[in-house]
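Here's the structure we're looking at; comments come further down.
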Amino acid sequence: MTAAVNTKTKKQSVEIQKNHFLSVKDLSRDEIMDLIAHAQSFLETNSFSSQLQDKIIANLFFEKSTRTRSSFEIAAKRLGAHVLNFESSTSSLSKGETVLDTVLNLEAMGVNCMIIRHQEERIAENMASQLKHAQVINAGDGCHEHPSQAMLDLFTIYQHKKNFQQLKIAIVGDILHSRVAHSVLTACLILGVPDIRLVGPNFLLPDQIQLPGVSLHEEIEAGVKDVDVVMVLRLQKERMESHLLSEISQYAKRYGLNSARLKLAKPDAIVMHPGPINRDIEITSEIADGPQSVILQQVKLGVAMRMAILSKLLS
Ligand code: CP
């Protein structure tokens with residue numbers, strides 16, 4: 001009985017992975033490098049096309065967004081798709097309709113792809129398993145995953161550091177609540193990054209971690225020493241339990257990335273941040289706007305990477 005159920009779940013799971021973009025862990029090393037190459041070609045041609053002219057793509061953002069929502073919309077329009085921006089606040093959700101009924105109704109209207117952001121973990125996966133035809137892209141589910149952000153982050157790193165297998169990367173900040181950190185960590189492991197440091201106060205780090213090349217650091221100075229990439233994260237106050245909020249008052253002093261701390265990294269280290277930035281909390285403006293920052297480049301490359309994801313998934 002158990003075996004039969006497992007087999008069915010596994011078959012269904014493979015089918016879901018193939019048709020949707022839900023998690024970095026569904027990707028192989030070759031698939032990641034192929035998406036990077038595809039995004040690079042979109043970046044270089046910088047053109048509009050009619051590749052997805054017969055597709056309707058719906059943005060369903062139940063949590064706020066600037067970068068992900070806008071860049072998916074721009075990416076879809078550059079590929080010729082029609083974009084529907086679903087407004088949850090004016091929808092029938094307020095009359096008690098469920099998210100599942102909402103997506104089933106949009107599918108019935110002919111939406112081909114739903115880009116979903118929601119505070120509930122694995123909701124994109126759950127919706128994908130219920131839809132018959134429409135494809136789903138996970139645009140961030142709670143603290144779980146943000147796979148398109150991880151892909152654009154890797155694409156940005158690749159512009160500056162060609163060999164992932166020689167990199168030292170520090171991810172600094174609220175690791176515990178960061179879906180970006182979880183997706184980037186998974187992607188780095190798939191690519192064989194040999195030295196990945198998770199840096200932050202103990203209450204924002206996992207208790208322990210046993211993954212090849214991954215280490216935990218409570219001292220930022222040791223965490224960023226000699227690294228090639230410093231990825232700074234926002235404190236996700238909206239996801240913190242109340243007892244943690246009182247513990248973060250000293251955060252900027254102990255963990256904020258400033259010029260003295262950045263000097264400990266390699267001289268050609270790049271500084272990344274997925275946004276939105278809380279200036280002078282997790283990063284000083286001097287660093288965020290400085291010569292080693294690639295933060296706005298991440299945003300720019302996000303459009304090309306999201307074109308690559310839509311193109312691969314929907315063509
Ligand atoms: N990085 C990111 O997800 O930004 P938004 O919340 O603005 O989409």
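By order in the structure tokens, chains are A, B, ...; within a chain, residues start at 1; ligands start at 1, following the order shown.
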Legend entry - Contact residues around Thr284 in chain A with only C-alpha atoms at 6 Å, ignoring same-chain residues under 4 positions, as a list in words: Asn258, Arg279 and Asp280 of chain A
Inset, instruction - List all protein, DNA and RNA residues that have at least one atom no more than 6 Å from any atom of ligand 1, counting only C-alpha atoms and all ligand atoms, and write them as a PyMOL selection string. - result: chain A and resi 65-69+274-276
Legend entry - Non-local contacts of range 112-114 of chain A (8 Å; only C-alpha atoms; under 4 positions in same chain excluded) as an MDAnalysis selection string: chainID A and resid 55:60 103 107 133:137 314
Selection export as a PDB file, in the first residue's frame, atoms kept: C-alpha atoms:
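Written output follows (out_1.pdb):
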```pdb
ATOM      1  CA  LYS A  55       0.171  32.940 -24.271  1.00  0.00           C
ATOM      2  CA  ILE A  56      -1.629  34.632 -21.388  1.00  0.00           C
ATOM      3  CA  ILE A  57       0.473  34.955 -18.255  1.00  0.00           C
ATOM      4  CA  ALA A  58      -1.082  35.923 -14.914  1.00  0.00           C
ATOM      5  CA  ASN A  59       0.868  37.565 -12.094  1.00  0.00           C
ATOM      6  CA  LEU A  60      -0.714  36.485  -8.790  1.00  0.00           C
ATOM      7  CA  VAL A 103      -6.441  29.661  -9.977  1.00  0.00           C
ATOM      8  CA  GLU A 107      -7.263  28.416 -15.853  1.00  0.00           C
ATOM      9  CA  HIS A 133      -3.119  22.707 -18.261  1.00  0.00           C
ATOM     10  CA  ALA A 134      -1.798  25.956 -16.814  1.00  0.00           C
ATOM     11  CA  GLN A 135       1.838  26.075 -15.775  1.00  0.00           C
ATOM     12  CA  VAL A 136       3.040  27.545 -12.488  1.00  0.00           C
ATOM     13  CA  ILE A 137       6.103  29.593 -11.580  1.00  0.00           C
ATOM     14  CA  LEU A 314       6.207  27.947 -22.285  1.00  0.00           C
TER      15      LEU A 314
END
```
Inset, instruction - Assign secondary structure with DSSP using the backbone only, and return the residues of range 80-306 of chain A in strand (DSSP E or B) as a PyMOL selection string. - result: chain A and resi 82-86+113-118+135-141+145+168-172+195-199+214-217+229-232+257+270-272+279+283+293
Inset, instruction - Do a neighbour search on range 122-129 of chain A at 8 Å with only C-alpha atoms, toss out local chain neighbours closer than 2 positions, and write the hits as a PyMOL selection string. - result: chain A and resi 12+16+20+22+100+103+116-118+120+131+134-138+141+144
Kindly export the residues of the current selection with C-alpha atoms, as an mmCIF file, in the first residue's frame.
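Dumped everything to selection-v2.cif:
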```cif
data_model
loop_
_atom_site.group_PDB
_atom_site.id
_atom_site.type_symbol
_atom_site.label_atom_id
_atom_site.label_comp_id
_atom_site.auth_asym_id
_atom_site.auth_seq_id
_atom_site.Cartn_x
_atom_site.Cartn_y
_atom_site.Cartn_z
ATOM 1 C CA GLN A 12 3.168 12.886 -10.277
ATOM 2 C CA ILE A 16 4.975 18.537 -11.982
ATOM 3 C CA HIS A 20 6.420 24.047 -13.849
ATOM 4 C CA LEU A 22 8.788 25.515 -8.564
ATOM 5 C CA LEU A 100 -7.247 27.127 -5.392
ATOM 6 C CA VAL A 103 -6.441 29.661 -9.977
ATOM 7 C CA ILE A 116 2.476 32.928 -7.816
ATOM 8 C CA ARG A 117 3.885 34.650 -4.723
ATOM 9 C CA HIS A 118 2.295 33.792 -1.392
ATOM 10 C CA GLU A 120 2.309 29.963 2.481
ATOM 11 C CA LEU A 131 -4.145 22.466 -12.441
ATOM 12 C CA ALA A 134 -1.798 25.956 -16.814
ATOM 13 C CA GLN A 135 1.838 26.075 -15.775
ATOM 14 C CA VAL A 136 3.040 27.545 -12.488
ATOM 15 C CA ILE A 137 6.103 29.593 -11.580
ATOM 16 C CA ASN A 138 6.992 29.993 -7.906
ATOM 17 C CA ASP A 141 6.551 30.960 -1.078
ATOM 18 C CA HIS A 144 10.774 28.263 1.511
#
```
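Shortest atom-to-atom contact with Leu205 in chain A among A:Asp153, A:Glu73, A:Glu218, A:Asp268: A:Glu218, counting only C-alpha atoms.
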Legend entry - Between CA of Gln208 in chain A and CA of Arg239 in chain A - distance in Å to one decimal: 20.7 Å
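Separating CA of Lys64 in chain A from CA of Met109 in chain A is a distance of 24.8 Å.
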Inset, instruction - Please identify all polymer residues within 9 Å of range 157-172 of chain A, counting only C-alpha atoms, omitting same-chain residues fewer than 3 positions from it, and present them as a VMD selection string. - result: chain A and resid 36 152 to 154 175 181 185 188 191 to 200 220 223 to 233 255 to 257 270 272 282 298
Legend entry - Nearest-residue call for Ala75 in chain A, choices A:Ile209, A:Ser92, A:Ser50, A:Phe62, using only C-alpha atoms: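 Nearest to Ala75 in chain A: A:Ser50.
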May I have all residues of range 56-164 of chain A that DSSP, computed from the backbone, assigns to alpha helix (DSSP H), given as a short mmCIF file (atom, residue, chain, number, x, y, z; two decimals) with C-alpha atoms, in the first residue's frame?
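Just written: selection-v9.cif:
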```
data_model
loop_
_atom_site.label_atom_id
_atom_site.label_comp_id
_atom_site.auth_asym_id
_atom_site.auth_seq_id
_atom_site.Cartn_x
_atom_site.Cartn_y
_atom_site.Cartn_z
CA ARG A 67 11.33 43.56 -8.60
CA THR A 68 9.90 40.09 -9.15
CA ARG A 69 6.46 41.17 -10.27
CA SER A 70 7.66 43.98 -12.56
CA SER A 71 10.48 41.99 -14.10
CA PHE A 72 8.26 38.98 -14.85
CA GLU A 73 5.78 41.37 -16.50
CA ILE A 74 8.50 43.07 -18.54
CA ALA A 75 10.02 39.69 -19.47
CA ALA A 76 6.63 38.36 -20.60
CA LYS A 77 5.91 41.48 -22.67
CA ARG A 78 9.33 41.35 -24.30
CA VAL A 99 -6.65 30.51 -3.75
CA LEU A 100 -7.25 27.13 -5.39
CA ASP A 101 -10.67 28.15 -6.71
CA THR A 102 -9.12 31.41 -7.91
CA VAL A 103 -6.44 29.66 -9.98
CA LEU A 104 -8.91 27.05 -11.30
CA ASN A 105 -11.15 29.89 -12.51
CA LEU A 106 -8.23 31.68 -14.18
CA GLU A 107 -7.26 28.42 -15.85
CA ALA A 108 -10.86 28.02 -17.09
CA ILE A 123 1.53 26.75 -2.27
CA ALA A 124 2.85 27.00 -5.85
CA GLU A 125 3.59 23.26 -5.77
CA ASN A 126 0.12 22.53 -4.42
CA MET A 127 -1.58 24.68 -7.06
CA ALA A 128 0.54 23.06 -9.80
CA SER A 129 -0.64 19.62 -8.73
CA GLN A 130 -4.32 20.68 -9.08
CA PRO A 147 13.94 30.00 -7.47
CA SER A 148 13.92 32.75 -10.13
CA GLN A 149 15.83 35.05 -7.72
CA ALA A 150 18.45 32.32 -7.19
CA MET A 151 18.79 31.92 -10.95
CA LEU A 152 19.29 35.65 -11.55
CA ASP A 153 21.79 35.73 -8.68
CA LEU A 154 23.82 32.92 -10.27
CA PHE A 155 23.59 34.69 -13.64
CA THR A 156 24.97 37.86 -12.01
CA ILE A 157 27.81 35.98 -10.32
CA TYR A 158 28.61 34.37 -13.67
CA GLN A 159 29.18 37.81 -15.24
CA HIS A 160 32.05 38.37 -12.79
#
```
Legend entry - Atomic distance CA of Arg306 in chain A - CA of Gln40 in chain A, expressed in Å with one decimal: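 Between CA of Arg306 in chain A and CA of Gln40 in chain A the gap is 11.3 Å.
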Legend entry - 6 Å contact set for Val294 in chain A, only C-alpha atoms, chain neighbours under 2 positions out, as a ChimeraX atom specification: /A:271-272,296-297
Selection export as a PDB file, in the first residue's frame, atoms kept: C-alpha atoms:
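Below is the file again-v2.pdb, written as the result:
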```pdb
ATOM      1  CA  VAL A 271      28.435  42.675  -3.160  1.00  0.00           C
ATOM      2  CA  MET A 272      24.907  41.413  -3.825  1.00  0.00           C
ATOM      3  CA  LEU A 296      21.213  47.043  -9.701  1.00  0.00           C
ATOM      4  CA  GLN A 297      22.922  44.716 -12.146  1.00  0.00           C
TER       5      GLN A 297
END
```
Legend entry - Non-local contacts of Pro206 in chain A (9 Å; only C-alpha atoms; under 4 positions in same chain excluded) as a PyMOL selection string: chain A and resi 175-176+202+216
Those residues with N, CA, C and O atoms, as a compact mmCIF listing (two decimals), in the first residue's frame please?
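So selection10.txt came out as:
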```txt
# COMPACT_ATOMS: atom_id res chain seq x y z
N ILE A 175 19.24 34.29 7.60
CA ILE A 175 19.21 33.03 6.83
C ILE A 175 17.91 32.27 7.13
O ILE A 175 17.30 31.68 6.22
N LEU A 176 17.52 32.29 8.38
CA LEU A 176 16.39 31.46 8.83
C LEU A 176 15.10 31.74 8.05
O LEU A 176 14.38 30.82 7.68
N ASN A 202 23.12 33.78 16.01
CA ASN A 202 22.70 32.38 16.10
C ASN A 202 21.19 32.21 15.97
O ASN A 202 20.71 31.23 15.43
N LEU A 216 28.70 27.55 9.22
CA LEU A 216 27.95 28.60 9.91
C LEU A 216 28.92 29.52 10.62
O LEU A 216 29.91 29.07 11.21
```
